[in-house]
Amino acid sequence: MIREILRMGDPRLLMPSVPVASVPSADLDALLADLRDTMHAADGAGLAAPQIGIPLRVVIFGVASNPRYPDAPPVPYTELVNPVLTPLGDESEDGWEGCLSVPGLRGVVSRWRRLRYDGLDPSGRPISREVEGFHARVVQHECDHLDGILYPMRMKDLSRFGFTDVLFPEAATAED
């Protein structure tokens with residue numbers, strides 16, 4: 001089922017999420033189905049449970065070909081429960097980000113360039129991956145939602161924050 005995506009200003013987006021206690025479960029499967037339907041309907045690169053009003057530590061992400069990120073390298077579709085992120089080194093990089101909860105805007109955010117993420121898949125099997133670049137950025141962005149953080153809260157330079165259609169008029173993409 002396609003769910004409403006909460007937008008910046010909704011206090012539920014600022015609440016820290018709690019771990020999923022039971023994996024696997026029918027409730028988790030239903031949540032993941034709603035996240036998938038909602039993310040695909042919005043052409044998102046990822047979605048976190050808090051964005052649809054569910055304060056659980058669950059994220060999904062993946063990009064094959066996405067009109068919102070036409071130059072992005074592929075990121076394998078992943079359903080990640082109770083994620084833990086570990087930076088691999090001190091190197092960070094700046095990059096433009098958008099968010100389904102902050103529609104129509106983009107901003108430059110500094111993120112770890114390389115990291116490892118660990119968690120569970122929906123069946124309770126461990127997932128552990130070392131990633132870099134855009135993949136690492138997407139994971140960090142989605143996991144921030146689990147801690148009540150929206151990307152504008154991480155921005156250091158608000159002169160690099162604005163409406164997508166003004167910043168990138170040549171792209172004329174769908175609303176973020």
# chains A, B, ... in the order shown; residues from 1 in each chain; ligands from 1

$ residues_around --residues "Arg114 (chain A)" --least-positions-apart "5" --cutoff "10 Å" --atoms "only C-alpha atoms" --output "PyMOL selection string"
chain A and resi 86-93+130-137

$ write_last_selection --atoms "N, CA, C and O atoms" --output "PDB file, in the first residue's frame"
ATOM      1  N   THR A  86      29.455   1.914  10.350  1.00  0.00           N
ATOM      2  CA  THR A  86      30.810   2.093  10.855  1.00  0.00           C
ATOM      3  C   THR A  86      31.642   2.748   9.763  1.00  0.00           C
ATOM      4  O   THR A  86      31.802   2.169   8.683  1.00  0.00           O
ATOM      5  N   PRO A  87      32.154   3.972  10.001  1.00  0.00           N
ATOM      6  CA  PRO A  87      32.984   4.596   8.969  1.00  0.00           C
ATOM      7  C   PRO A  87      34.273   3.815   8.776  1.00  0.00           C
ATOM      8  O   PRO A  87      34.818   3.244   9.726  1.00  0.00           O
ATOM      9  N   LEU A  88      34.738   3.779   7.534  1.00  0.00           N
ATOM     10  CA  LEU A  88      36.011   3.134   7.207  1.00  0.00           C
ATOM     11  C   LEU A  88      36.979   4.242   6.792  1.00  0.00           C
ATOM     12  O   LEU A  88      37.075   4.600   5.626  1.00  0.00           O
ATOM     13  N   GLY A  89      37.631   4.814   7.780  1.00  0.00           N
ATOM     14  CA  GLY A  89      38.526   5.935   7.536  1.00  0.00           C
ATOM     15  C   GLY A  89      37.845   7.254   7.864  1.00  0.00           C
ATOM     16  O   GLY A  89      36.667   7.304   8.216  1.00  0.00           O
ATOM     17  N   ASP A  90      38.642   8.333   7.731  1.00  0.00           N
ATOM     18  CA  ASP A  90      38.166   9.665   8.083  1.00  0.00           C
ATOM     19  C   ASP A  90      37.719  10.476   6.869  1.00  0.00           C
ATOM     20  O   ASP A  90      37.246  11.598   7.022  1.00  0.00           O
ATOM     21  N   GLU A  91      37.889   9.924   5.676  1.00  0.00           N
ATOM     22  CA  GLU A  91      37.610  10.685   4.455  1.00  0.00           C
ATOM     23  C   GLU A  91      36.115  10.921   4.285  1.00  0.00           C
ATOM     24  O   GLU A  91      35.302  10.008   4.419  1.00  0.00           O
ATOM     25  N   SER A  92      35.771  12.171   3.984  1.00  0.00           N
ATOM     26  CA  SER A  92      34.383  12.508   3.697  1.00  0.00           C
ATOM     27  C   SER A  92      34.333  13.188   2.332  1.00  0.00           C
ATOM     28  O   SER A  92      35.363  13.577   1.782  1.00  0.00           O
ATOM     29  N   GLU A  93      33.111  13.289   1.795  1.00  0.00           N
ATOM     30  CA  GLU A  93      32.953  13.999   0.534  1.00  0.00           C
ATOM     31  C   GLU A  93      31.614  14.709   0.525  1.00  0.00           C
ATOM     32  O   GLU A  93      30.645  14.250   1.136  1.00  0.00           O
ATOM     33  N   GLU A 130      30.667  -3.498   2.844  1.00  0.00           N
ATOM     34  CA  GLU A 130      31.544  -2.330   2.803  1.00  0.00           C
ATOM     35  C   GLU A 130      31.259  -1.621   1.491  1.00  0.00           C
ATOM     36  O   GLU A 130      31.299  -2.243   0.424  1.00  0.00           O
ATOM     37  N   VAL A 131      30.936  -0.318   1.584  1.00  0.00           N
ATOM     38  CA  VAL A 131      30.521   0.443   0.407  1.00  0.00           C
ATOM     39  C   VAL A 131      31.194   1.802   0.408  1.00  0.00           C
ATOM     40  O   VAL A 131      31.762   2.239   1.410  1.00  0.00           O
ATOM     41  N   GLU A 132      31.086   2.480  -0.736  1.00  0.00           N
ATOM     42  CA  GLU A 132      31.665   3.817  -0.858  1.00  0.00           C
ATOM     43  C   GLU A 132      30.836   4.651  -1.812  1.00  0.00           C
ATOM     44  O   GLU A 132      29.925   4.155  -2.479  1.00  0.00           O
ATOM     45  N   GLY A 133      31.164   5.938  -1.862  1.00  0.00           N
ATOM     46  CA  GLY A 133      30.542   6.837  -2.817  1.00  0.00           C
ATOM     47  C   GLY A 133      29.041   6.980  -2.626  1.00  0.00           C
ATOM     48  O   GLY A 133      28.548   7.122  -1.501  1.00  0.00           O
ATOM     49  N   PHE A 134      28.311   6.943  -3.748  1.00  0.00           N
ATOM     50  CA  PHE A 134      26.865   7.168  -3.723  1.00  0.00           C
ATOM     51  C   PHE A 134      26.144   6.137  -2.856  1.00  0.00           C
ATOM     52  O   PHE A 134      25.227   6.487  -2.108  1.00  0.00           O
ATOM     53  N   HIS A 135      26.568   4.883  -2.926  1.00  0.00           N
ATOM     54  CA  HIS A 135      25.952   3.834  -2.101  1.00  0.00           C
ATOM     55  C   HIS A 135      26.083   4.201  -0.617  1.00  0.00           C
ATOM     56  O   HIS A 135      25.111   4.147   0.142  1.00  0.00           O
ATOM     57  N   ALA A 136      27.282   4.601  -0.207  1.00  0.00           N
ATOM     58  CA  ALA A 136      27.499   4.992   1.193  1.00  0.00           C
ATOM     59  C   ALA A 136      26.643   6.200   1.553  1.00  0.00           C
ATOM     60  O   ALA A 136      26.082   6.269   2.660  1.00  0.00           O
ATOM     61  N   ARG A 137      26.514   7.147   0.639  1.00  0.00           N
ATOM     62  CA  ARG A 137      25.705   8.349   0.889  1.00  0.00           C
ATOM     63  C   ARG A 137      24.240   7.976   1.113  1.00  0.00           C
ATOM     64  O   ARG A 137      23.589   8.462   2.040  1.00  0.00           O
TER      65      ARG A 137
END

$ select_by_dssp --residues "region 14-166 of chain A" --states "alpha helix (DSSP H)" --output "number ranges by chain"
A: 26-41, 133-146, 164-166

$ residues_around --residues "region 17-30 of chain A" --least-positions-apart "2" --cutoff "10 Å" --atoms "only C-alpha atoms" --output "PyMOL selection string"
chain A and resi 1+12-15+32-36+49-50+54-58+81-83+120-125+145-148

$ write_last_selection --atoms "N, CA, C and O atoms" --output "compact mmCIF listing (two decimals), in the first residue's frame"
# COMPACT_ATOMS: atom_id res chain seq x y z
N MET A 1 0.84 -1.17 0.00
CA MET A 1 0.00 0.00 0.00
C MET A 1 0.89 1.25 0.00
O MET A 1 1.87 1.32 0.74
N ARG A 12 7.11 13.86 14.09
CA ARG A 12 7.45 12.43 14.09
C ARG A 12 8.76 12.16 13.37
O ARG A 12 9.43 11.16 13.66
N LEU A 13 9.16 13.03 12.44
CA LEU A 13 10.43 12.84 11.73
C LEU A 13 11.63 13.12 12.62
O LEU A 13 12.75 12.74 12.28
N LEU A 14 11.42 13.76 13.74
CA LEU A 14 12.53 14.12 14.63
C LEU A 14 12.71 13.13 15.78
O LEU A 14 13.65 13.26 16.56
N MET A 15 11.83 12.15 15.87
CA MET A 15 11.89 11.17 16.96
C MET A 15 12.86 10.04 16.62
O MET A 15 12.82 9.50 15.52
N LEU A 32 7.57 -3.57 5.23
CA LEU A 32 8.47 -3.53 4.08
C LEU A 32 7.70 -3.43 2.76
O LEU A 32 8.12 -2.70 1.86
N ALA A 33 6.57 -4.10 2.66
CA ALA A 33 5.75 -3.99 1.44
C ALA A 33 5.26 -2.55 1.26
O ALA A 33 5.31 -2.02 0.14
N ASP A 34 4.82 -1.91 2.34
CA ASP A 34 4.37 -0.53 2.25
C ASP A 34 5.53 0.40 1.89
O ASP A 34 5.36 1.34 1.10
N LEU A 35 6.70 0.17 2.48
CA LEU A 35 7.87 0.99 2.15
C LEU A 35 8.23 0.85 0.67
O LEU A 35 8.49 1.85 -0.01
N ARG A 36 8.23 -0.38 0.17
CA ARG A 36 8.55 -0.61 -1.26
C ARG A 36 7.56 0.11 -2.16
O ARG A 36 7.95 0.82 -3.09
N ALA A 49 11.42 3.84 7.61
CA ALA A 49 10.11 3.66 8.26
C ALA A 49 9.58 4.93 8.92
O ALA A 49 8.39 5.22 8.81
N PRO A 50 10.43 5.74 9.57
CA PRO A 50 9.90 6.97 10.17
C PRO A 50 9.26 7.92 9.16
O PRO A 50 8.39 8.71 9.51
N ILE A 54 6.28 5.35 11.06
CA ILE A 54 6.54 4.14 11.85
C ILE A 54 7.93 4.27 12.49
O ILE A 54 8.94 4.19 11.79
N PRO A 55 8.01 4.46 13.81
CA PRO A 55 9.30 4.72 14.45
C PRO A 55 10.11 3.45 14.74
O PRO A 55 10.50 3.18 15.87
N LEU A 56 10.38 2.69 13.68
CA LEU A 56 11.20 1.48 13.79
C LEU A 56 12.46 1.63 12.95
O LEU A 56 12.46 2.32 11.93
N ARG A 57 13.51 0.92 13.35
CA ARG A 57 14.81 1.01 12.68
C ARG A 57 14.82 0.09 11.44
O ARG A 57 15.43 -0.97 11.45
N VAL A 58 14.13 0.56 10.41
CA VAL A 58 14.02 -0.17 9.15
C VAL A 58 14.21 0.82 8.01
O VAL A 58 13.57 1.87 7.99
N VAL A 81 17.28 -4.07 8.42
CA VAL A 81 16.62 -3.96 9.72
C VAL A 81 17.69 -3.77 10.80
O VAL A 81 18.71 -4.48 10.80
N ASN A 82 17.46 -2.82 11.70
CA ASN A 82 18.37 -2.53 12.81
C ASN A 82 19.80 -2.26 12.33
O ASN A 82 20.76 -2.88 12.82
N PRO A 83 19.97 -1.33 11.40
CA PRO A 83 21.30 -1.08 10.84
C PRO A 83 22.26 -0.42 11.83
O PRO A 83 21.84 0.34 12.71
N LEU A 120 20.18 -6.75 9.67
CA LEU A 120 19.50 -7.99 9.34
C LEU A 120 18.67 -7.80 8.09
O LEU A 120 18.16 -6.70 7.83
N ASP A 121 18.51 -8.89 7.33
CA ASP A 121 17.53 -8.86 6.25
C ASP A 121 16.18 -9.24 6.85
O ASP A 121 16.08 -9.58 8.03
N PRO A 122 15.09 -9.18 6.07
CA PRO A 122 13.77 -9.45 6.64
C PRO A 122 13.58 -10.86 7.21
O PRO A 122 12.68 -11.10 8.00
N SER A 123 14.48 -11.78 6.80
CA SER A 123 14.40 -13.14 7.33
C SER A 123 15.22 -13.33 8.60
O SER A 123 15.25 -14.42 9.17
N GLY A 124 15.94 -12.28 9.00
CA GLY A 124 16.77 -12.37 10.20
C GLY A 124 18.21 -12.77 9.92
O GLY A 124 18.99 -12.94 10.85
N ARG A 125 18.57 -12.91 8.64
CA ARG A 125 19.96 -13.23 8.29
C ARG A 125 20.81 -11.97 8.34
O ARG A 125 20.37 -10.90 7.93
N HIS A 145 17.48 9.15 9.16
CA HIS A 145 16.06 9.23 9.50
C HIS A 145 15.74 8.44 10.77
O HIS A 145 14.83 8.81 11.52
N LEU A 146 16.47 7.37 11.01
CA LEU A 146 16.22 6.53 12.18
C LEU A 146 16.59 7.24 13.48
O LEU A 146 16.12 6.87 14.56
N ASP A 147 17.43 8.26 13.35
CA ASP A 147 17.85 9.04 14.52
C ASP A 147 17.20 10.42 14.55
O ASP A 147 17.64 11.30 15.31
N GLY A 148 16.19 10.63 13.72
CA GLY A 148 15.48 11.90 13.72
C GLY A 148 16.24 13.03 13.05
O GLY A 148 16.03 14.20 13.37

$ atom_distance --atom1 "CA of Met155 (chain A)" --atom2 "CA of Leu6 (chain A)"
20.4 Å

$ residues_around --residues "Tyr117 (chain A)" --least-positions-apart "6" --cutoff "6 Å" --atoms "only C-alpha atoms" --output "PyMOL selection string"
chain A and resi 84-85+128-129

$ atom_distance --atom1 "CA of Val75 (chain A)" --atom2 "CA of Gly44 (chain A)"
12.2 Å

$ select_by_dssp --residues "region 13-119 of chain A" --states "strand (DSSP E)" --output "PyMOL selection string"
chain A and resi 46-48+58-63+75-87+92-99+102-112+114-119

$ closest_atom_pairs --of "region 72-136 of chain A" --to "region 161-171 of chain A" --cutoff "7 Å" --atoms "only C-alpha atoms" --output "CSV"
residue,atom,partner,partner_atom,distance
A:Gly104,CA,A:Phe163,CA,5.5
A:Leu105,CA,A:Phe163,CA,4.3
A:Arg106,CA,A:Gly162,CA,5.6
A:Gly107,CA,A:Phe161,CA,4.1
A:Val108,CA,A:Phe161,CA,6.7

$ closest_residue --among "A:Ala72, A:Ile127, A:Leu80, A:Ala42" --to "Glu97 (chain A)" --atoms "only C-alpha atoms"
A:Ala72

$ atom_distance --atom1 "CA of His40 (chain A)" --atom2 "CA of Val138 (chain A)"
15.5 Å

$ residues_around --residues "region 59-62 of chain A" --least-positions-apart "6" --cutoff "7 Å" --atoms "only C-alpha atoms" --output "number ranges by chain"
A: 45-49, 75-81, 142-143

$ closest_residue --among "A:Pro126, A:Val139, A:Arg111, A:Asp43" --to "Ser65 (chain A)" --atoms "only C-alpha atoms"
A:Asp43
